[in-house]
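To start, the structure under review is shown below, and the notes come after it.
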Amino acid sequence: AGVTYLLGHMLEKNDSLTSLDLADNDLGIAEENEDVEGEASPGKALGHGLSVNRQLVSLDISGNKFPASELSPIMGAMDSNFSIIRIKADNQRFDDVSTLQLAGSIENTRRFLHLNLNKCDIGPRAGTVIGLALENLRKLHVVNLSDNALGEKVAKKIAALLTSKKMRITTLRLSNNDFGTEGCMHLVAVLPNNKTLTDLDISQNGMDRNVALEL
């Protein structure tokens with residue numbers, strides 16, 4: 001069996017690990033084509049391990065090669081896991097289905113403190129779904145959605161989150177998301193009334209001098 005299968009089985013039984021960093025290991029690049037009789041796919045095996053594990057607090061799967069079809073069961077597993085509060089999945093190619101799986105987990109568990117999805121090809125349609133799901137994360141502190149081509153409408157949705165007194169976001173990274181001046185203006189306009197945000201990155205979004213003047 002491949003490494004991801006073994007990791008999944010390990011997580012089913014392990015009751016001591018609280019942090020698991022699997023970043024930049026090329027997991028999924030060959031395993032998706034492995035013919036392992038009687039075994040679930042690598043994503044399903046890892047997802048099952050995550051769904052039953054009750055000790056893990058932090059998970060980083062950034063920079064691996066999971067296809068979107070394998071990311072779906074991993075993200076869906078967050079729905080059944082009640083311990084993970086920090087998830088990092090940077091530089092993974094999400095599609096609408098895997099993004100919806102994550103959004104569903106966010107809505108149902110409402111526990112994440114840190115959410116890092118940098119360079120995940122989320123786009124404006126799935127980005128809108130993620131934006132709606134974030135409304136449920138009242139304890140969320142750190143959000144990184146940089147390099148996802150989210151567009152102006154998602155910027156407006158995120159700006160609305162920043163106006164809510166129920167949200168506690170302190171770090172928000174949204175660079176290179178095709179916001180343009182309009183999107184950046186939505187975000188900048190709400191800053192005077194936000195009392196929690198200390199770190200905002202909206203670089204490389206095509207803003208003009210009017211945004212700078214607003215700042």
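Scheme for the structure tokens: letters A, B, ... for chains in order shown; per-chain residue numbers from 1; ligand numbers from 1 in order shown.
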
Check stretch 44-206 of chain A with DSSP on the backbone and list each residue it calls strand (DSSP E or B), as a list in words.
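Of stretch 44-206 of chain A, the ones in strand (DSSP E or B) are Ser58, Leu59, Asp60, Arg86, Ile87, Lys88, His114, Leu115, Asn116, Val142, Val143, Asn144, Thr171, Leu172, Arg173, Asp199, Leu200 and Asp201 of chain A.
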
Writing out the chosen residues with all heavy atoms as a compact mmCIF listing (two decimals), in the first residue's frame:
```txt
# COMPACT_ATOMS: atom_id res chain seq x y z
N SER A 58 -3.83 20.15 14.32
CA SER A 58 -3.31 20.90 13.19
C SER A 58 -2.92 19.95 12.05
O SER A 58 -2.23 18.95 12.29
CB SER A 58 -2.08 21.72 13.62
OG SER A 58 -1.52 22.44 12.54
N LEU A 59 -3.36 20.27 10.83
CA LEU A 59 -3.06 19.44 9.65
C LEU A 59 -2.59 20.31 8.51
O LEU A 59 -3.22 21.31 8.16
CB LEU A 59 -4.32 18.68 9.21
CG LEU A 59 -4.19 17.87 7.91
CD1 LEU A 59 -3.23 16.70 8.11
CD2 LEU A 59 -5.55 17.36 7.45
N ASP A 60 -1.45 19.94 7.91
CA ASP A 60 -0.90 20.65 6.75
C ASP A 60 -0.67 19.65 5.62
O ASP A 60 0.15 18.74 5.74
CB ASP A 60 0.42 21.33 7.12
CG ASP A 60 0.95 22.24 6.02
OD1 ASP A 60 0.41 22.19 4.89
OD2 ASP A 60 1.89 23.01 6.30
N ARG A 86 -6.83 23.84 12.93
CA ARG A 86 -5.94 24.53 11.99
C ARG A 86 -5.73 23.63 10.78
O ARG A 86 -5.22 22.52 10.91
CB ARG A 86 -4.59 24.85 12.64
CG ARG A 86 -4.66 25.75 13.84
CD ARG A 86 -3.27 26.03 14.42
NE ARG A 86 -3.34 26.81 15.64
CZ ARG A 86 -3.49 26.28 16.86
NH1 ARG A 86 -3.54 24.95 16.98
NH2 ARG A 86 -3.55 27.04 17.92
N ILE A 87 -6.11 24.13 9.62
CA ILE A 87 -5.92 23.36 8.40
C ILE A 87 -5.22 24.21 7.35
O ILE A 87 -5.56 25.37 7.14
CB ILE A 87 -7.25 22.80 7.85
CG1 ILE A 87 -6.98 21.91 6.63
CG2 ILE A 87 -8.24 23.90 7.54
CD1 ILE A 87 -8.16 21.05 6.25
N LYS A 88 -4.20 23.61 6.74
CA LYS A 88 -3.43 24.30 5.70
C LYS A 88 -3.37 23.39 4.48
O LYS A 88 -2.90 22.25 4.57
CB LYS A 88 -2.02 24.61 6.22
CG LYS A 88 -1.23 25.55 5.32
CD LYS A 88 0.08 25.95 6.00
CE LYS A 88 0.85 26.96 5.14
NZ LYS A 88 2.12 27.35 5.80
N HIS A 114 -7.68 28.61 12.16
CA HIS A 114 -6.77 28.98 11.07
C HIS A 114 -7.20 28.23 9.82
O HIS A 114 -7.37 27.00 9.85
CB HIS A 114 -5.33 28.60 11.40
CG HIS A 114 -4.72 29.39 12.51
ND1 HIS A 114 -3.39 29.76 12.51
CD2 HIS A 114 -5.23 29.88 13.65
CE1 HIS A 114 -3.12 30.44 13.62
NE2 HIS A 114 -4.23 30.52 14.32
N LEU A 115 -7.33 28.96 8.71
CA LEU A 115 -7.70 28.35 7.43
C LEU A 115 -6.81 28.92 6.34
O LEU A 115 -6.88 30.11 6.01
CB LEU A 115 -9.17 28.64 7.11
CG LEU A 115 -9.77 27.96 5.89
CD1 LEU A 115 -9.77 26.44 6.06
CD2 LEU A 115 -11.18 28.46 5.64
N ASN A 116 -5.93 28.08 5.80
CA ASN A 116 -4.98 28.50 4.77
C ASN A 116 -5.24 27.74 3.47
O ASN A 116 -5.05 26.53 3.40
CB ASN A 116 -3.54 28.22 5.23
CG ASN A 116 -3.09 29.14 6.33
OD1 ASN A 116 -2.53 30.20 6.09
ND2 ASN A 116 -3.36 28.75 7.56
N VAL A 142 -7.24 33.41 11.59
CA VAL A 142 -6.32 33.57 10.46
C VAL A 142 -6.95 32.97 9.19
O VAL A 142 -7.37 31.80 9.19
CB VAL A 142 -4.97 32.88 10.74
CG1 VAL A 142 -4.06 32.97 9.51
CG2 VAL A 142 -4.30 33.50 11.96
N VAL A 143 -7.00 33.78 8.13
CA VAL A 143 -7.53 33.32 6.84
C VAL A 143 -6.53 33.71 5.75
O VAL A 143 -6.16 34.88 5.64
CB VAL A 143 -8.89 33.96 6.50
CG1 VAL A 143 -9.45 33.36 5.22
CG2 VAL A 143 -9.87 33.79 7.64
N ASN A 144 -6.12 32.74 4.96
CA ASN A 144 -5.26 33.01 3.80
C ASN A 144 -5.93 32.43 2.56
O ASN A 144 -5.99 31.21 2.39
CB ASN A 144 -3.87 32.40 3.99
CG ASN A 144 -2.90 32.78 2.89
OD1 ASN A 144 -3.31 33.31 1.85
ND2 ASN A 144 -1.63 32.52 3.10
N THR A 171 -5.94 38.10 11.09
CA THR A 171 -5.04 38.07 9.93
C THR A 171 -5.83 37.65 8.70
O THR A 171 -6.44 36.58 8.69
CB THR A 171 -3.87 37.10 10.16
OG1 THR A 171 -3.12 37.52 11.30
CG2 THR A 171 -2.96 37.05 8.94
N LEU A 172 -5.78 38.48 7.65
CA LEU A 172 -6.54 38.21 6.42
C LEU A 172 -5.64 38.47 5.23
O LEU A 172 -5.25 39.61 4.96
CB LEU A 172 -7.78 39.11 6.37
CG LEU A 172 -8.72 38.95 5.19
CD1 LEU A 172 -9.26 37.53 5.08
CD2 LEU A 172 -9.87 39.95 5.29
N ARG A 173 -5.31 37.41 4.49
CA ARG A 173 -4.40 37.52 3.35
C ARG A 173 -5.15 37.19 2.06
O ARG A 173 -5.63 36.07 1.89
CB ARG A 173 -3.19 36.61 3.55
CG ARG A 173 -2.36 37.12 4.73
CD ARG A 173 -1.15 36.33 5.04
NE ARG A 173 -0.46 36.95 6.17
CZ ARG A 173 0.30 36.31 7.02
NH1 ARG A 173 0.51 35.01 6.87
NH2 ARG A 173 0.89 36.95 8.02
N ASP A 199 -3.74 42.45 10.53
CA ASP A 199 -2.86 42.14 9.39
C ASP A 199 -3.73 41.90 8.16
O ASP A 199 -4.46 40.91 8.09
CB ASP A 199 -2.03 40.90 9.72
CG ASP A 199 -1.06 40.50 8.60
OD1 ASP A 199 -1.03 41.19 7.56
OD2 ASP A 199 -0.35 39.49 8.77
N LEU A 200 -3.65 42.82 7.19
CA LEU A 200 -4.44 42.70 5.96
C LEU A 200 -3.51 42.80 4.76
O LEU A 200 -2.77 43.76 4.62
CB LEU A 200 -5.49 43.81 5.88
CG LEU A 200 -6.29 43.90 4.57
CD1 LEU A 200 -7.14 42.65 4.35
CD2 LEU A 200 -7.16 45.15 4.55
N ASP A 201 -3.57 41.80 3.88
CA ASP A 201 -2.77 41.79 2.65
C ASP A 201 -3.71 41.77 1.45
O ASP A 201 -4.39 40.78 1.19
CB ASP A 201 -1.86 40.57 2.61
CG ASP A 201 -0.95 40.55 1.38
OD1 ASP A 201 -1.05 41.46 0.53
OD2 ASP A 201 -0.14 39.61 1.27
```

What are the closest atom pairs, with distances in Å to one decimal, for all residues of stretch 60-167 of chain A lying within 8 Å of stretch 41-46 of chain A? Consider only C-alpha atoms, order rows by chain and residue number, and present the result as a Markdown table.
```
| residue | atom | partner | partner_atom | distance |
| --- | --- | --- | --- | --- |
| A:Phe66 | CA | A:Gly43 | CA | 7.7 |
| A:Ser69 | CA | A:Gly43 | CA | 7.9 |
| A:Glu70 | CA | A:Gly43 | CA | 4.3 |
| A:Leu71 | CA | A:Gly43 | CA | 6.2 |
| A:Ser72 | CA | A:Gly43 | CA | 7.6 |
| A:Pro73 | CA | A:Lys44 | CA | 5.3 |
| A:Ile74 | CA | A:Gly43 | CA | 5.8 |
```

Which is closest to A:Leu145 among A:Leu117, A:Leu102, A:Leu56, A:Leu50, if we use only C-alpha atoms?
A:Leu117

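Comparing A:Leu137, A:Ile202, A:Ile61, A:Cys184 by their smallest distance to A:Asp90, the closest is A:Ile61 (using only C-alpha atoms).
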
Based on the backbone DSSP call, show me all residues of stretch 103-206 of chain A assigned alpha helix (DSSP H), as a ChimeraX atom specification.
/A:103-109,123-134,152-163,180-189

So that I can check the surroundings of A:Thr99, please list as a PyMOL selection string every protein, DNA and RNA residue that reaches within 12 Å of it, counting only C-alpha atoms and ignoring chain neighbours fewer than 6 positions away.
chain A and resi 68-76+89+92-93+105-106+117+120-131+133

Show me, as a PyMOL selection string, the residues that have an atom within 12 Å of A:Leu11 when counting only C-alpha atoms, minus same-chain residues fewer than 5 positions from it.
chain A and resi 4-6+16-20+45-56+59+81

Could you take the residues named above and write them with N, CA and C atoms, as a PDB file, in the first residue's frame?
```pdb
ATOM      1  N   THR A   4       0.021   7.275   1.559  1.00  0.00           N
ATOM      2  CA  THR A   4      -1.216   7.895   2.024  1.00  0.00           C
ATOM      3  C   THR A   4      -2.137   6.886   2.690  1.00  0.00           C
ATOM      4  N   TYR A   5      -2.185   5.658   2.143  1.00  0.00           N
ATOM      5  CA  TYR A   5      -2.958   4.594   2.798  1.00  0.00           C
ATOM      6  C   TYR A   5      -2.455   4.370   4.223  1.00  0.00           C
ATOM      7  N   LEU A   6      -1.135   4.259   4.356  1.00  0.00           N
ATOM      8  CA  LEU A   6      -0.541   3.981   5.655  1.00  0.00           C
ATOM      9  C   LEU A   6      -0.804   5.116   6.644  1.00  0.00           C
ATOM     10  N   SER A  16      -1.967  10.115  20.065  1.00  0.00           N
ATOM     11  CA  SER A  16      -1.002  11.020  20.691  1.00  0.00           C
ATOM     12  C   SER A  16      -0.632  12.222  19.823  1.00  0.00           C
ATOM     13  N   LEU A  17      -0.599  12.063  18.496  1.00  0.00           N
ATOM     14  CA  LEU A  17      -0.242  13.180  17.620  1.00  0.00           C
ATOM     15  C   LEU A  17      -1.270  14.297  17.706  1.00  0.00           C
ATOM     16  N   THR A  18      -0.797  15.525  17.853  1.00  0.00           N
ATOM     17  CA  THR A  18      -1.697  16.679  17.811  1.00  0.00           C
ATOM     18  C   THR A  18      -1.446  17.555  16.588  1.00  0.00           C
ATOM     19  N   SER A  19      -0.272  17.396  15.959  1.00  0.00           N
ATOM     20  CA  SER A  19       0.062  18.188  14.771  1.00  0.00           C
ATOM     21  C   SER A  19       0.699  17.280  13.726  1.00  0.00           C
ATOM     22  N   LEU A  20       0.214  17.371  12.484  1.00  0.00           N
ATOM     23  CA  LEU A  20       0.731  16.543  11.403  1.00  0.00           C
ATOM     24  C   LEU A  20       1.017  17.417  10.186  1.00  0.00           C
ATOM     25  N   ALA A  45      -8.808   6.840   2.098  1.00  0.00           N
ATOM     26  CA  ALA A  45      -8.103   6.221   3.224  1.00  0.00           C
ATOM     27  C   ALA A  45      -7.643   7.277   4.223  1.00  0.00           C
ATOM     28  N   LEU A  46      -7.058   8.368   3.697  1.00  0.00           N
ATOM     29  CA  LEU A  46      -6.617   9.449   4.583  1.00  0.00           C
ATOM     30  C   LEU A  46      -7.820  10.134   5.218  1.00  0.00           C
ATOM     31  N   GLY A  47      -8.863  10.337   4.411  1.00  0.00           N
ATOM     32  CA  GLY A  47     -10.070  10.970   4.921  1.00  0.00           C
ATOM     33  C   GLY A  47     -10.703  10.169   6.050  1.00  0.00           C
ATOM     34  N   HIS A  48     -10.740   8.846   5.888  1.00  0.00           N
ATOM     35  CA  HIS A  48     -11.328   8.012   6.938  1.00  0.00           C
ATOM     36  C   HIS A  48     -10.513   8.110   8.223  1.00  0.00           C
ATOM     37  N   GLY A  49      -9.176   8.084   8.076  1.00  0.00           N
ATOM     38  CA  GLY A  49      -8.325   8.211   9.258  1.00  0.00           C
ATOM     39  C   GLY A  49      -8.573   9.528   9.986  1.00  0.00           C
ATOM     40  N   LEU A  50      -8.729  10.591   9.223  1.00  0.00           N
ATOM     41  CA  LEU A  50      -9.000  11.899   9.816  1.00  0.00           C
ATOM     42  C   LEU A  50     -10.370  11.944  10.481  1.00  0.00           C
ATOM     43  N   SER A  51     -11.337  11.278   9.870  1.00  0.00           N
ATOM     44  CA  SER A  51     -12.707  11.349  10.384  1.00  0.00           C
ATOM     45  C   SER A  51     -12.869  10.672  11.741  1.00  0.00           C
ATOM     46  N   VAL A  52     -12.035   9.682  12.024  1.00  0.00           N
ATOM     47  CA  VAL A  52     -12.162   8.959  13.300  1.00  0.00           C
ATOM     48  C   VAL A  52     -11.126   9.396  14.337  1.00  0.00           C
ATOM     49  N   ASN A  53     -10.093  10.127  13.895  1.00  0.00           N
ATOM     50  CA  ASN A  53      -9.069  10.594  14.828  1.00  0.00           C
ATOM     51  C   ASN A  53      -9.638  11.689  15.736  1.00  0.00           C
ATOM     52  N   ARG A  54      -9.268  11.661  17.005  1.00  0.00           N
ATOM     53  CA  ARG A  54      -9.816  12.622  17.959  1.00  0.00           C
ATOM     54  C   ARG A  54      -8.743  13.436  18.684  1.00  0.00           C
ATOM     55  N   GLN A  55      -7.494  13.353  18.220  1.00  0.00           N
ATOM     56  CA  GLN A  55      -6.406  14.065  18.891  1.00  0.00           C
ATOM     57  C   GLN A  55      -5.773  15.156  18.033  1.00  0.00           C
ATOM     58  N   LEU A  56      -5.820  14.993  16.722  1.00  0.00           N
ATOM     59  CA  LEU A  56      -5.127  15.918  15.828  1.00  0.00           C
ATOM     60  C   LEU A  56      -5.750  17.306  15.887  1.00  0.00           C
ATOM     61  N   LEU A  59      -3.364  20.273  10.827  1.00  0.00           N
ATOM     62  CA  LEU A  59      -3.064  19.439   9.654  1.00  0.00           C
ATOM     63  C   LEU A  59      -2.588  20.313   8.506  1.00  0.00           C
ATOM     64  N   ASN A  81     -14.560  15.072  11.953  1.00  0.00           N
ATOM     65  CA  ASN A  81     -13.461  15.250  12.898  1.00  0.00           C
ATOM     66  C   ASN A  81     -13.783  16.430  13.816  1.00  0.00           C
TER      67      ASN A  81
END
```

Who sits within 8 Å of A:Leu162, only C-alpha atoms, same chain under 5 positions skipped, as number ranges by chain:
A: 167, 169, 190-191, 194

Tell me which protein, DNA and RNA residues are within 6 Å of A:Asn205, counting only C-alpha atoms, leaving out same-chain ones fewer than 3 positions away, and put them as a list of chain:residue names.
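My reading of the contact set: A:Asn176, A:Asn177, A:Asp178, A:Phe179, A:Gly180.
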